[in-house]
Amino acid sequence: MSRPVAVARRRPGMSVRLKLTLSYAGFLVVAGAALFAGLLAVLRFVPDENLYVYDGGFAPNRSDLLEVAVPTSGAALVFLAIVGLAGGWALSGRMLAPLDRISRAAALAADGSLTHRVALEGPDDELRRLADTFDVMLERLQHAFDEQRRFTANASHELRTPHTVTRSLLEVAMADREGRDVDRLLSRLHETNERSIVLVESLLQLARLDHDELPTEPTDLSDVVREAVTMRETTPTAAPEAAPAAARGGAEAAGPEPELATALDPAPLQGNHVLLVQLVANLLGNAARHNLPAGGRIEVRTGLDASARPTLVVENTGTVLDPALVATLTEPFVRGSARTRGQGRPAGSGLGLAIVGSIARAHAAHLVLRPRPGGGLVVDVTFERPGPA
(Lines give C-alpha, C1' and ligand atoms only; values in the text may rest on other atoms or scores of the structure.)
Protein backbone atom coordinates (compact mmCIF):
# COMPACT_ATOMS: atom_id res chain seq x y z
CA MET A 1 0.00 0.00 0.00
CA SER A 2 1.49 3.33 -1.02
CA ARG A 3 2.12 5.99 1.59
CA PRO A 4 0.15 9.24 1.13
CA VAL A 5 2.28 12.13 -0.05
CA ALA A 6 2.25 15.28 2.08
CA VAL A 7 1.12 18.35 0.15
CA ALA A 8 2.14 21.82 1.28
CA ARG A 9 -0.76 23.95 2.50
CA ARG A 10 -1.21 27.20 0.60
CA ARG A 11 -3.54 30.11 1.14
CA PRO A 12 -6.44 30.36 -1.33
CA GLY A 13 -5.70 32.42 -4.42
CA MET A 14 -7.14 33.38 -7.77
CA SER A 15 -7.11 30.84 -10.56
CA VAL A 16 -4.88 31.31 -13.57
CA ARG A 17 -7.96 31.77 -15.75
CA LEU A 18 -9.24 34.60 -13.53
CA LYS A 19 -5.83 36.24 -13.50
CA LEU A 20 -5.63 36.12 -17.30
CA THR A 21 -9.19 37.48 -17.56
CA LEU A 22 -8.41 40.41 -15.31
CA SER A 23 -5.20 40.99 -17.23
CA TYR A 24 -7.04 41.12 -20.57
CA ALA A 25 -9.74 43.43 -19.20
CA GLY A 26 -7.20 45.65 -17.46
CA PHE A 27 -5.15 45.94 -20.63
CA LEU A 28 -8.21 47.01 -22.63
CA VAL A 29 -9.26 49.57 -20.01
CA VAL A 30 -5.75 51.03 -19.77
CA ALA A 31 -5.44 51.18 -23.57
CA GLY A 32 -8.85 52.89 -23.84
CA ALA A 33 -8.01 55.32 -21.07
CA ALA A 34 -4.75 56.20 -22.78
CA LEU A 35 -6.62 56.80 -26.04
CA PHE A 36 -9.18 59.10 -24.41
CA ALA A 37 -6.44 60.86 -22.48
CA GLY A 38 -4.77 61.62 -25.78
CA LEU A 39 -8.06 62.95 -27.09
CA LEU A 40 -8.47 65.22 -24.06
CA ALA A 41 -4.92 66.46 -24.54
CA VAL A 42 -5.77 67.46 -28.08
CA LEU A 43 -8.84 69.36 -26.83
CA ARG A 44 -6.55 71.73 -24.94
CA PHE A 45 -5.78 73.44 -28.24
CA VAL A 46 -9.44 74.25 -28.82
CA PRO A 47 -10.37 77.77 -27.59
CA ASP A 48 -12.75 77.94 -24.67
CA GLU A 49 -14.71 81.04 -25.82
CA ASN A 50 -17.77 81.03 -28.04
CA LEU A 51 -16.85 80.51 -31.64
CA TYR A 52 -18.82 81.76 -34.61
CA VAL A 53 -18.14 81.02 -38.22
CA TYR A 54 -18.33 83.62 -41.00
CA ASP A 55 -21.81 82.62 -42.15
CA GLY A 56 -23.30 83.05 -38.71
CA GLY A 57 -23.15 79.41 -37.65
CA PHE A 58 -22.12 78.16 -34.18
CA ALA A 59 -18.96 76.07 -33.46
CA PRO A 60 -18.53 74.19 -30.13
CA ASN A 61 -15.75 75.37 -27.86
CA ARG A 62 -13.56 73.35 -25.51
CA SER A 63 -16.15 73.21 -22.74
CA ASP A 64 -18.79 71.95 -25.14
CA LEU A 65 -16.48 69.21 -26.40
CA LEU A 66 -15.44 68.16 -22.90
CA GLU A 67 -19.07 68.04 -21.80
CA VAL A 68 -19.72 65.43 -24.49
CA ALA A 69 -16.35 63.62 -24.45
CA VAL A 70 -16.02 62.93 -20.72
CA PRO A 71 -19.25 60.94 -20.18
CA THR A 72 -18.81 59.26 -23.54
CA SER A 73 -15.28 58.22 -22.57
CA GLY A 74 -16.49 56.90 -19.22
CA ALA A 75 -19.19 54.84 -20.88
CA ALA A 76 -16.69 53.54 -23.42
CA LEU A 77 -14.28 52.49 -20.67
CA VAL A 78 -17.05 50.59 -18.89
CA PHE A 79 -17.94 48.91 -22.19
CA LEU A 80 -14.28 47.95 -22.75
CA ALA A 81 -14.07 46.54 -19.24
CA ILE A 82 -17.16 44.37 -19.79
CA VAL A 83 -15.90 43.20 -23.18
CA GLY A 84 -12.45 42.54 -21.72
CA LEU A 85 -13.86 40.45 -18.87
CA ALA A 86 -16.19 38.41 -21.08
CA GLY A 87 -13.75 37.99 -23.94
CA GLY A 88 -10.80 37.38 -21.62
CA TRP A 89 -12.71 34.69 -19.74
CA ALA A 90 -13.60 32.91 -22.98
CA LEU A 91 -10.12 33.25 -24.51
CA SER A 92 -8.28 32.21 -21.35
CA GLY A 93 -10.53 29.18 -20.97
CA ARG A 94 -9.79 28.13 -24.54
CA MET A 95 -6.06 28.64 -24.08
CA LEU A 96 -5.92 26.81 -20.74
CA ALA A 97 -8.03 23.84 -21.85
CA PRO A 98 -4.89 21.76 -22.66
CA LEU A 99 -3.61 22.39 -19.13
CA ASP A 100 -6.87 21.01 -17.74
CA ARG A 101 -6.36 17.82 -19.74
CA ILE A 102 -2.77 17.54 -18.54
CA SER A 103 -3.91 18.15 -14.96
CA ARG A 104 -6.54 15.39 -15.21
CA ALA A 105 -3.94 12.99 -16.61
CA ALA A 106 -1.56 13.89 -13.78
CA ALA A 107 -4.30 13.29 -11.22
CA LEU A 108 -4.99 9.84 -12.71
CA ALA A 109 -1.27 9.07 -12.64
CA ALA A 110 -1.10 10.14 -8.99
CA ASP A 111 -3.91 7.67 -8.25
CA GLY A 112 -1.88 4.87 -9.85
CA SER A 113 -3.35 4.80 -13.36
CA LEU A 114 -0.48 5.13 -15.86
CA THR A 115 -2.37 3.96 -18.95
CA HIS A 116 -4.10 7.30 -19.60
CA ARG A 117 -2.52 9.64 -22.15
CA VAL A 118 -3.17 13.32 -22.84
CA ALA A 119 -2.90 12.83 -26.65
CA LEU A 120 -3.30 16.55 -27.26
CA GLU A 121 -4.13 17.36 -30.87
CA GLY A 122 -3.30 20.57 -32.72
CA PRO A 123 -0.22 22.33 -34.08
CA ASP A 124 3.13 22.37 -32.34
CA ASP A 125 3.34 24.94 -29.54
CA GLU A 126 4.45 25.14 -25.92
CA LEU A 127 1.37 23.42 -24.49
CA ARG A 128 1.46 20.63 -27.08
CA ARG A 129 5.13 20.02 -26.37
CA LEU A 130 4.36 19.91 -22.65
CA ALA A 131 1.57 17.38 -23.26
CA ASP A 132 3.80 15.23 -25.49
CA THR A 133 6.58 15.29 -22.88
CA PHE A 134 4.08 14.29 -20.20
CA ASP A 135 2.85 11.39 -22.35
CA VAL A 136 6.42 10.18 -22.87
CA MET A 137 7.01 10.37 -19.11
CA LEU A 138 3.85 8.37 -18.43
CA GLU A 139 4.87 5.73 -20.96
CA ARG A 140 8.30 5.36 -19.40
CA LEU A 141 6.83 5.21 -15.91
CA GLN A 142 4.36 2.54 -16.99
CA HIS A 143 7.14 0.53 -18.58
CA ALA A 144 9.31 0.90 -15.45
CA PHE A 145 6.48 -0.12 -13.10
CA ASP A 146 5.58 -3.09 -15.30
CA GLU A 147 9.21 -4.21 -15.27
CA GLN A 148 9.38 -3.72 -11.50
CA ARG A 149 6.25 -5.79 -10.90
CA ARG A 150 7.51 -8.50 -13.23
CA PHE A 151 10.92 -8.46 -11.58
CA THR A 152 9.38 -8.68 -8.10
CA ALA A 153 7.18 -11.60 -9.08
CA ASN A 154 10.05 -13.45 -10.75
CA ALA A 155 12.42 -12.74 -7.86
CA SER A 156 9.88 -14.05 -5.38
CA HIS A 157 9.50 -17.21 -7.43
CA GLU A 158 13.25 -17.68 -7.86
CA LEU A 159 13.97 -17.11 -4.17
CA ARG A 160 11.19 -19.50 -3.14
CA THR A 161 12.39 -22.33 -5.41
CA PRO A 162 15.64 -23.21 -3.54
CA HIS A 163 13.84 -23.22 -0.20
CA THR A 164 11.11 -25.46 -1.61
CA VAL A 165 13.72 -27.86 -2.98
CA THR A 166 15.56 -27.90 0.34
CA ARG A 167 12.35 -28.64 2.24
CA SER A 168 11.45 -31.44 -0.16
CA LEU A 169 14.90 -33.03 0.17
CA LEU A 170 14.76 -32.90 3.95
CA GLU A 171 11.20 -34.29 4.06
CA VAL A 172 12.18 -37.22 1.82
CA ALA A 173 15.29 -37.90 3.92
CA MET A 174 13.33 -37.77 7.17
CA ALA A 175 10.69 -40.14 5.76
CA ASP A 176 13.29 -42.68 4.59
CA ARG A 177 15.66 -42.90 7.54
CA GLU A 178 17.14 -46.29 6.59
CA GLY A 179 17.59 -45.98 2.81
CA ARG A 180 18.63 -42.33 2.54
CA ASP A 181 21.98 -41.46 0.96
CA VAL A 182 23.52 -38.86 3.27
CA ASP A 183 26.34 -37.95 0.87
CA ARG A 184 23.95 -37.40 -2.00
CA LEU A 185 21.61 -35.42 0.25
CA LEU A 186 24.45 -33.16 1.39
CA SER A 187 25.57 -32.68 -2.20
CA ARG A 188 22.09 -31.68 -3.31
CA LEU A 189 21.68 -29.35 -0.32
CA HIS A 190 25.07 -27.80 -1.07
CA GLU A 191 24.07 -27.24 -4.70
CA THR A 192 20.77 -25.66 -3.68
CA ASN A 193 22.48 -23.43 -1.14
CA GLU A 194 25.06 -22.29 -3.70
CA ARG A 195 22.26 -21.44 -6.10
CA SER A 196 20.59 -19.34 -3.42
CA ILE A 197 23.86 -17.50 -2.70
CA VAL A 198 24.46 -16.78 -6.39
CA LEU A 199 20.89 -15.56 -6.83
CA VAL A 200 20.96 -13.25 -3.80
CA GLU A 201 24.37 -11.83 -4.72
CA SER A 202 23.18 -11.24 -8.28
CA LEU A 203 20.06 -9.45 -7.03
CA LEU A 204 22.15 -7.23 -4.76
CA GLN A 205 24.58 -6.43 -7.55
CA LEU A 206 21.73 -5.62 -9.91
CA ALA A 207 20.22 -3.24 -7.33
CA ARG A 208 23.56 -1.51 -6.74
CA LEU A 209 24.19 -1.04 -10.44
CA ASP A 210 20.85 0.71 -10.90
CA HIS A 211 21.34 3.16 -8.01
CA ASP A 212 25.00 3.71 -7.16
CA GLU A 213 27.13 6.40 -8.74
CA LEU A 214 29.75 4.89 -11.03
CA PRO A 215 33.42 5.84 -10.48
CA THR A 216 35.38 5.66 -13.74
CA GLU A 217 38.99 5.56 -14.83
CA PRO A 218 40.90 5.23 -18.12
CA THR A 219 41.06 1.58 -19.14
CA ASP A 220 41.17 -0.59 -22.26
CA LEU A 221 38.69 -3.24 -23.35
CA SER A 222 41.47 -5.52 -24.58
CA ASP A 223 43.04 -5.54 -21.08
CA VAL A 224 39.62 -6.08 -19.56
CA VAL A 225 39.03 -9.15 -21.74
CA ARG A 226 42.48 -10.57 -20.95
CA GLU A 227 41.83 -10.20 -17.22
CA ALA A 228 38.38 -11.81 -17.48
CA VAL A 229 39.77 -14.72 -19.53
CA THR A 230 42.64 -15.23 -17.08
CA MET A 231 40.25 -15.12 -14.13
CA ARG A 232 38.02 -17.70 -15.80
CA GLU A 233 40.95 -20.02 -16.61
CA THR A 234 42.63 -19.79 -13.21
CA THR A 235 39.45 -19.80 -11.13
CA PRO A 236 37.19 -22.67 -12.20
CA THR A 237 34.90 -21.91 -9.26
CA ALA A 238 34.16 -18.45 -10.66
CA ALA A 239 30.75 -19.79 -11.59
CA PRO A 240 29.60 -21.29 -8.28
CA GLU A 241 26.34 -22.52 -9.67
CA ALA A 242 28.23 -24.78 -12.10
CA ALA A 243 30.51 -26.36 -9.47
CA PRO A 244 28.12 -28.77 -7.75
CA ALA A 245 26.90 -30.25 -11.02
CA ALA A 246 30.44 -30.70 -12.33
CA ALA A 247 31.62 -32.18 -9.03
CA ARG A 248 29.08 -34.97 -9.15
CA GLY A 249 30.44 -36.34 -12.44
CA GLY A 250 28.68 -39.03 -14.40
CA ALA A 251 25.61 -38.14 -16.47
CA GLU A 252 25.16 -34.85 -14.67
CA ALA A 253 28.68 -33.53 -15.34
CA ALA A 254 29.06 -30.56 -17.66
CA GLY A 255 30.46 -31.12 -21.14
CA PRO A 256 33.86 -29.90 -22.33
CA GLU A 257 34.49 -26.19 -22.34
CA PRO A 258 34.06 -24.59 -25.77
CA GLU A 259 37.11 -23.35 -27.65
CA LEU A 260 37.91 -19.69 -26.96
CA ALA A 261 39.34 -17.46 -29.72
CA THR A 262 40.24 -13.80 -29.15
CA ALA A 263 41.11 -10.89 -31.46
CA LEU A 264 41.95 -8.05 -29.11
CA ASP A 265 42.72 -4.70 -30.71
CA PRO A 266 43.23 -1.64 -28.47
CA ALA A 267 39.95 -0.05 -27.40
CA PRO A 268 40.59 2.67 -24.78
CA LEU A 269 37.61 4.01 -22.88
CA GLN A 270 36.58 5.77 -19.68
CA GLY A 271 34.85 3.30 -17.42
CA ASN A 272 34.82 1.25 -14.25
CA HIS A 273 37.43 -1.47 -14.70
CA VAL A 274 35.98 -3.86 -12.11
CA LEU A 275 32.46 -3.70 -13.55
CA LEU A 276 33.76 -4.07 -17.10
CA VAL A 277 35.59 -7.24 -16.07
CA GLN A 278 32.31 -8.45 -14.56
CA LEU A 279 30.54 -7.64 -17.83
CA VAL A 280 33.00 -9.67 -19.89
CA ALA A 281 33.02 -12.51 -17.36
CA ASN A 282 29.22 -12.71 -17.46
CA LEU A 283 29.24 -12.75 -21.26
CA LEU A 284 31.89 -15.49 -21.32
CA GLY A 285 29.99 -17.52 -18.74
CA ASN A 286 26.76 -17.11 -20.67
CA ALA A 287 28.47 -18.05 -23.94
CA ALA A 288 29.96 -21.18 -22.39
CA ARG A 289 26.82 -22.22 -20.53
CA HIS A 290 24.55 -21.92 -23.59
CA ASN A 291 26.84 -23.47 -26.19
CA LEU A 292 26.96 -26.76 -28.06
CA PRO A 293 27.39 -29.98 -26.05
CA ALA A 294 30.63 -30.64 -27.92
CA GLY A 295 32.75 -28.75 -30.43
CA GLY A 296 31.52 -25.36 -29.27
CA ARG A 297 33.35 -22.11 -29.91
CA ILE A 298 33.47 -18.63 -28.37
CA GLU A 299 34.94 -15.63 -30.19
CA VAL A 300 35.78 -12.37 -28.42
CA ARG A 301 36.79 -9.23 -30.33
CA THR A 302 37.65 -5.72 -29.23
CA GLY A 303 38.52 -2.59 -31.21
CA LEU A 304 37.18 0.71 -32.49
CA ASP A 305 34.29 1.10 -34.90
CA ALA A 306 34.07 3.53 -37.82
CA SER A 307 33.21 6.35 -35.39
CA ALA A 308 36.23 5.56 -33.15
CA ARG A 309 33.98 4.15 -30.43
CA PRO A 310 35.26 1.24 -28.31
CA THR A 311 33.44 -1.98 -29.12
CA LEU A 312 33.25 -5.46 -27.63
CA VAL A 313 31.83 -8.44 -29.51
CA VAL A 314 31.23 -11.85 -27.90
CA GLU A 315 30.01 -14.55 -30.28
CA ASN A 316 29.24 -18.16 -29.42
CA THR A 317 27.96 -21.21 -31.22
CA GLY A 318 24.79 -22.94 -30.10
CA THR A 319 21.29 -23.81 -31.16
CA VAL A 320 19.26 -21.60 -33.51
CA LEU A 321 17.56 -18.81 -31.55
CA ASP A 322 14.26 -17.04 -32.12
CA PRO A 323 14.86 -13.27 -32.60
CA ALA A 324 11.82 -12.53 -30.42
CA LEU A 325 13.41 -14.57 -27.61
CA VAL A 326 16.80 -12.88 -28.03
CA ALA A 327 15.16 -9.46 -27.57
CA THR A 328 14.09 -10.45 -24.03
CA LEU A 329 17.29 -12.11 -22.79
CA THR A 330 18.51 -9.02 -20.91
CA GLU A 331 15.38 -9.00 -18.76
CA PRO A 332 15.84 -10.50 -15.28
CA PHE A 333 15.10 -14.22 -14.90
CA VAL A 334 14.57 -14.78 -18.63
CA ARG A 335 16.04 -18.05 -19.81
CA GLY A 336 15.63 -19.36 -23.32
CA SER A 337 14.64 -23.01 -23.30
CA ALA A 338 16.34 -23.42 -26.64
CA ARG A 339 19.59 -22.04 -25.21
CA THR A 340 20.24 -24.82 -22.72
CA ARG A 341 23.42 -26.71 -23.35
CA GLY A 342 22.07 -29.93 -22.00
CA GLN A 343 21.29 -31.61 -18.72
CA GLY A 344 24.88 -31.23 -17.62
CA ARG A 345 24.89 -27.45 -18.05
CA PRO A 346 23.05 -25.66 -15.24
CA ALA A 347 20.41 -23.16 -16.13
CA GLY A 348 22.00 -20.32 -14.15
CA SER A 349 20.30 -17.65 -12.11
CA GLY A 350 18.75 -15.87 -15.10
CA LEU A 351 20.45 -12.61 -14.10
CA GLY A 352 23.75 -12.80 -16.01
CA LEU A 353 22.66 -10.83 -19.06
CA ALA A 354 20.48 -8.57 -16.91
CA ILE A 355 23.61 -7.55 -15.00
CA VAL A 356 25.40 -7.07 -18.32
CA GLY A 357 22.59 -4.74 -19.40
CA SER A 358 22.83 -2.75 -16.17
CA ILE A 359 26.61 -2.37 -16.49
CA ALA A 360 26.18 -1.26 -20.11
CA ARG A 361 23.56 1.33 -19.11
CA ALA A 362 25.83 2.60 -16.33
CA HIS A 363 28.52 3.20 -18.97
CA ALA A 364 26.09 4.78 -21.47
CA ALA A 365 26.87 1.89 -23.82
CA HIS A 366 24.65 0.35 -26.50
CA LEU A 367 24.01 -3.36 -25.93
CA VAL A 368 22.77 -5.32 -28.94
CA LEU A 369 21.91 -9.03 -28.91
CA ARG A 370 21.19 -10.87 -32.13
CA PRO A 371 20.98 -14.51 -33.22
CA ARG A 372 24.14 -15.88 -34.79
CA PRO A 373 23.71 -17.31 -38.30
CA GLY A 374 23.82 -21.07 -37.98
CA GLY A 375 22.97 -21.02 -34.28
CA GLY A 376 24.19 -19.25 -31.20
CA LEU A 377 24.27 -15.67 -30.01
CA VAL A 378 26.19 -12.48 -30.87
CA VAL A 379 26.50 -9.76 -28.23
CA ASP A 380 27.76 -6.35 -29.37
CA VAL A 381 28.60 -3.65 -26.79
CA THR A 382 29.47 -0.17 -28.10
CA PHE A 383 30.70 2.50 -25.67
CA GLU A 384 30.08 6.22 -26.20
CA ARG A 385 32.86 7.46 -23.90
CA PRO A 386 36.27 6.67 -25.38
CA GLY A 387 39.29 7.17 -23.18
CA PRO A 388 42.80 8.46 -23.85
CA ALA A 389 44.77 6.35 -26.29
# chains A, B, ... in the order shown; residues from 1 in each chain; ligands from 1
>>> residues_around(residues="Val314 in chain A", least_positions_apart="3", cutoff="6 Å", atoms="only C-alpha atoms", output="PyMOL selection string")
chain A and resi 299-300+378-379
>>> closest_residue(among="A:Val165, A:Val200, A:Ala362, A:Ala90", to="Arg188 in chain A", atoms="only C-alpha atoms")
A:Val165
>>> closest_residue(among="A:Val29, A:Ala175, A:Pro162, A:Val118", to="Val78 in chain A", atoms="only C-alpha atoms")
A:Val29
>>> atom_distance(atom1="CA of Ile102 in chain A", atom2="CA of Phe134 in chain A")
7.8 Å
>>> closest_residue(among="A:Leu65, A:Ala119, A:Leu279, A:Leu130", to="Phe45 in chain A", atoms="only C-alpha atoms")
A:Leu65
>>> atom_distance(atom1="CA of Glu67 in chain A", atom2="CA of Leu80 in chain A")
20.7 Å
>>> residues_around(residues="Arg370 in chain A", least_positions_apart="6", cutoff="10 Å", atoms="only C-alpha atoms", output="PyMOL selection string")
chain A and resi 315+321-327+376-380
>>> select_by_dssp(residues="range 3-107 of chain A", states="alpha helix (DSSP H)", output="ChimeraX atom specification")
/A:16-43,62-107
>>> atom_distance(atom1="CA of Leu108 in chain A", atom2="CA of Leu20 in chain A")
26.7 Å
>>> closest_residue(among="A:Pro266, A:Gly87, A:Gly38, A:Gly357", to="Arg301 in chain A", atoms="only C-alpha atoms")
A:Pro266
>>> residues_around(residues="Val136 in chain A", least_positions_apart="6", cutoff="12 Å", atoms="only C-alpha atoms", output="PyMOL selection string")
chain A and resi 114-119+129-130+142-143
>>> write_last_selection(atoms="all heavy atoms", output="PDB file, in the first residue's frame")
ATOM      1  N   LEU A 114      -1.501   4.620 -14.946  1.00  0.00           N
ATOM      2  CA  LEU A 114      -0.482   5.125 -15.862  1.00  0.00           C
ATOM      3  C   LEU A 114      -0.820   4.833 -17.321  1.00  0.00           C
ATOM      4  O   LEU A 114      -0.008   5.094 -18.204  1.00  0.00           O
ATOM      5  CB  LEU A 114       0.877   4.506 -15.523  1.00  0.00           C
ATOM      6  CG  LEU A 114       1.410   4.806 -14.122  1.00  0.00           C
ATOM      7  CD1 LEU A 114       2.708   4.054 -13.874  1.00  0.00           C
ATOM      8  CD2 LEU A 114       1.611   6.296 -13.933  1.00  0.00           C
ATOM      9  N   THR A 115      -2.007   4.303 -17.583  1.00  0.00           N
ATOM     10  CA  THR A 115      -2.374   3.961 -18.954  1.00  0.00           C
ATOM     11  C   THR A 115      -2.990   5.128 -19.700  1.00  0.00           C
ATOM     12  O   THR A 115      -3.076   5.105 -20.925  1.00  0.00           O
ATOM     13  CB  THR A 115      -3.356   2.783 -18.958  1.00  0.00           C
ATOM     14  OG1 THR A 115      -4.524   3.139 -18.198  1.00  0.00           O
ATOM     15  CG2 THR A 115      -2.706   1.549 -18.328  1.00  0.00           C
ATOM     16  N   HIS A 116      -3.450   6.150 -18.958  1.00  0.00           N
ATOM     17  CA  HIS A 116      -4.105   7.297 -19.598  1.00  0.00           C
ATOM     18  C   HIS A 116      -3.062   8.190 -20.260  1.00  0.00           C
ATOM     19  O   HIS A 116      -1.970   8.387 -19.745  1.00  0.00           O
ATOM     20  CB  HIS A 116      -4.893   8.097 -18.560  1.00  0.00           C
ATOM     21  CG  HIS A 116      -5.620   9.268 -19.133  1.00  0.00           C
ATOM     22  ND1 HIS A 116      -6.746   9.131 -19.918  1.00  0.00           N
ATOM     23  CD2 HIS A 116      -5.388  10.604 -19.064  1.00  0.00           C
ATOM     24  CE1 HIS A 116      -7.175  10.328 -20.282  1.00  0.00           C
ATOM     25  NE2 HIS A 116      -6.359  11.242 -19.784  1.00  0.00           N
ATOM     26  N   ARG A 117      -3.400   8.732 -21.436  1.00  0.00           N
ATOM     27  CA  ARG A 117      -2.515   9.642 -22.148  1.00  0.00           C
ATOM     28  C   ARG A 117      -3.273  10.924 -22.475  1.00  0.00           C
ATOM     29  O   ARG A 117      -4.490  10.915 -22.710  1.00  0.00           O
ATOM     30  CB  ARG A 117      -2.008   9.012 -23.452  1.00  0.00           C
ATOM     31  CG  ARG A 117      -1.175   7.756 -23.266  1.00  0.00           C
ATOM     32  CD  ARG A 117       0.148   8.053 -22.590  1.00  0.00           C
ATOM     33  NE  ARG A 117       0.954   6.851 -22.456  1.00  0.00           N
ATOM     34  CZ  ARG A 117       0.931   6.048 -21.398  1.00  0.00           C
ATOM     35  NH1 ARG A 117       0.128   6.331 -20.374  1.00  0.00           N
ATOM     36  NH2 ARG A 117       1.704   4.975 -21.350  1.00  0.00           N
ATOM     37  N   VAL A 118      -2.558  12.044 -22.499  1.00  0.00           N
ATOM     38  CA  VAL A 118      -3.173  13.319 -22.843  1.00  0.00           C
ATOM     39  C   VAL A 118      -3.568  13.334 -24.312  1.00  0.00           C
ATOM     40  O   VAL A 118      -4.679  13.725 -24.685  1.00  0.00           O
ATOM     41  CB  VAL A 118      -2.220  14.486 -22.526  1.00  0.00           C
ATOM     42  CG1 VAL A 118      -2.879  15.823 -22.867  1.00  0.00           C
ATOM     43  CG2 VAL A 118      -1.818  14.456 -21.056  1.00  0.00           C
ATOM     44  N   ALA A 119      -2.650  12.908 -25.192  1.00  0.00           N
ATOM     45  CA  ALA A 119      -2.898  12.832 -26.647  1.00  0.00           C
ATOM     46  C   ALA A 119      -3.497  14.133 -27.162  1.00  0.00           C
ATOM     47  O   ALA A 119      -4.565  14.157 -27.776  1.00  0.00           O
ATOM     48  CB  ALA A 119      -3.809  11.643 -26.971  1.00  0.00           C
ATOM     49  N   ARG A 129       3.865  20.661 -26.726  1.00  0.00           N
ATOM     50  CA  ARG A 129       5.133  20.025 -26.374  1.00  0.00           C
ATOM     51  C   ARG A 129       5.123  19.552 -24.921  1.00  0.00           C
ATOM     52  O   ARG A 129       5.658  18.482 -24.603  1.00  0.00           O
ATOM     53  CB  ARG A 129       6.287  21.001 -26.604  1.00  0.00           C
ATOM     54  CG  ARG A 129       6.607  21.211 -28.075  1.00  0.00           C
ATOM     55  CD  ARG A 129       7.964  21.880 -28.253  1.00  0.00           C
ATOM     56  NE  ARG A 129       7.960  23.259 -27.768  1.00  0.00           N
ATOM     57  CZ  ARG A 129       7.641  24.307 -28.522  1.00  0.00           C
ATOM     58  NH1 ARG A 129       7.303  24.124 -29.800  1.00  0.00           N
ATOM     59  NH2 ARG A 129       7.681  25.532 -28.034  1.00  0.00           N
ATOM     60  N   LEU A 130       4.491  20.344 -24.042  1.00  0.00           N
ATOM     61  CA  LEU A 130       4.359  19.908 -22.653  1.00  0.00           C
ATOM     62  C   LEU A 130       3.521  18.637 -22.553  1.00  0.00           C
ATOM     63  O   LEU A 130       3.876  17.700 -21.815  1.00  0.00           O
ATOM     64  CB  LEU A 130       3.719  21.028 -21.825  1.00  0.00           C
ATOM     65  CG  LEU A 130       3.392  20.693 -20.362  1.00  0.00           C
ATOM     66  CD1 LEU A 130       4.659  20.360 -19.598  1.00  0.00           C
ATOM     67  CD2 LEU A 130       2.647  21.853 -19.701  1.00  0.00           C
ATOM     68  N   GLN A 142       5.124   3.779 -16.886  1.00  0.00           N
ATOM     69  CA  GLN A 142       4.359   2.541 -16.993  1.00  0.00           C
ATOM     70  C   GLN A 142       5.273   1.366 -17.310  1.00  0.00           C
ATOM     71  O   GLN A 142       5.150   0.287 -16.717  1.00  0.00           O
ATOM     72  CB  GLN A 142       3.289   2.690 -18.076  1.00  0.00           C
ATOM     73  CG  GLN A 142       2.408   1.454 -18.222  1.00  0.00           C
ATOM     74  CD  GLN A 142       1.403   1.596 -19.356  1.00  0.00           C
ATOM     75  OE1 GLN A 142       1.426   2.575 -20.094  1.00  0.00           O
ATOM     76  NE2 GLN A 142       0.531   0.621 -19.497  1.00  0.00           N
ATOM     77  N   HIS A 143       6.204   1.597 -18.242  1.00  0.00           N
ATOM     78  CA  HIS A 143       7.143   0.528 -18.583  1.00  0.00           C
ATOM     79  C   HIS A 143       8.002   0.155 -17.372  1.00  0.00           C
ATOM     80  O   HIS A 143       8.234  -1.035 -17.099  1.00  0.00           O
ATOM     81  CB  HIS A 143       8.030   0.990 -19.743  1.00  0.00           C
ATOM     82  CG  HIS A 143       9.050  -0.027 -20.161  1.00  0.00           C
ATOM     83  ND1 HIS A 143       8.714  -1.200 -20.800  1.00  0.00           N
ATOM     84  CD2 HIS A 143      10.406  -0.046 -20.034  1.00  0.00           C
ATOM     85  CE1 HIS A 143       9.805  -1.897 -21.046  1.00  0.00           C
ATOM     86  NE2 HIS A 143      10.848  -1.224 -20.586  1.00  0.00           N
TER      87      HIS A 143
END
>>> residues_around(residues="Val274 in chain A", least_positions_apart="5", cutoff="12 Å", atoms="only C-alpha atoms", output="PyMOL selection string")
chain A and resi 214-221+223-225+227-228+279-281+359
>>> residues_around(residues="Leu353 in chain A", least_positions_apart="2", cutoff="8 Å", atoms="only C-alpha atoms", output="ChimeraX atom specification")
/A:282-283,286,329-332,350-351,355-357
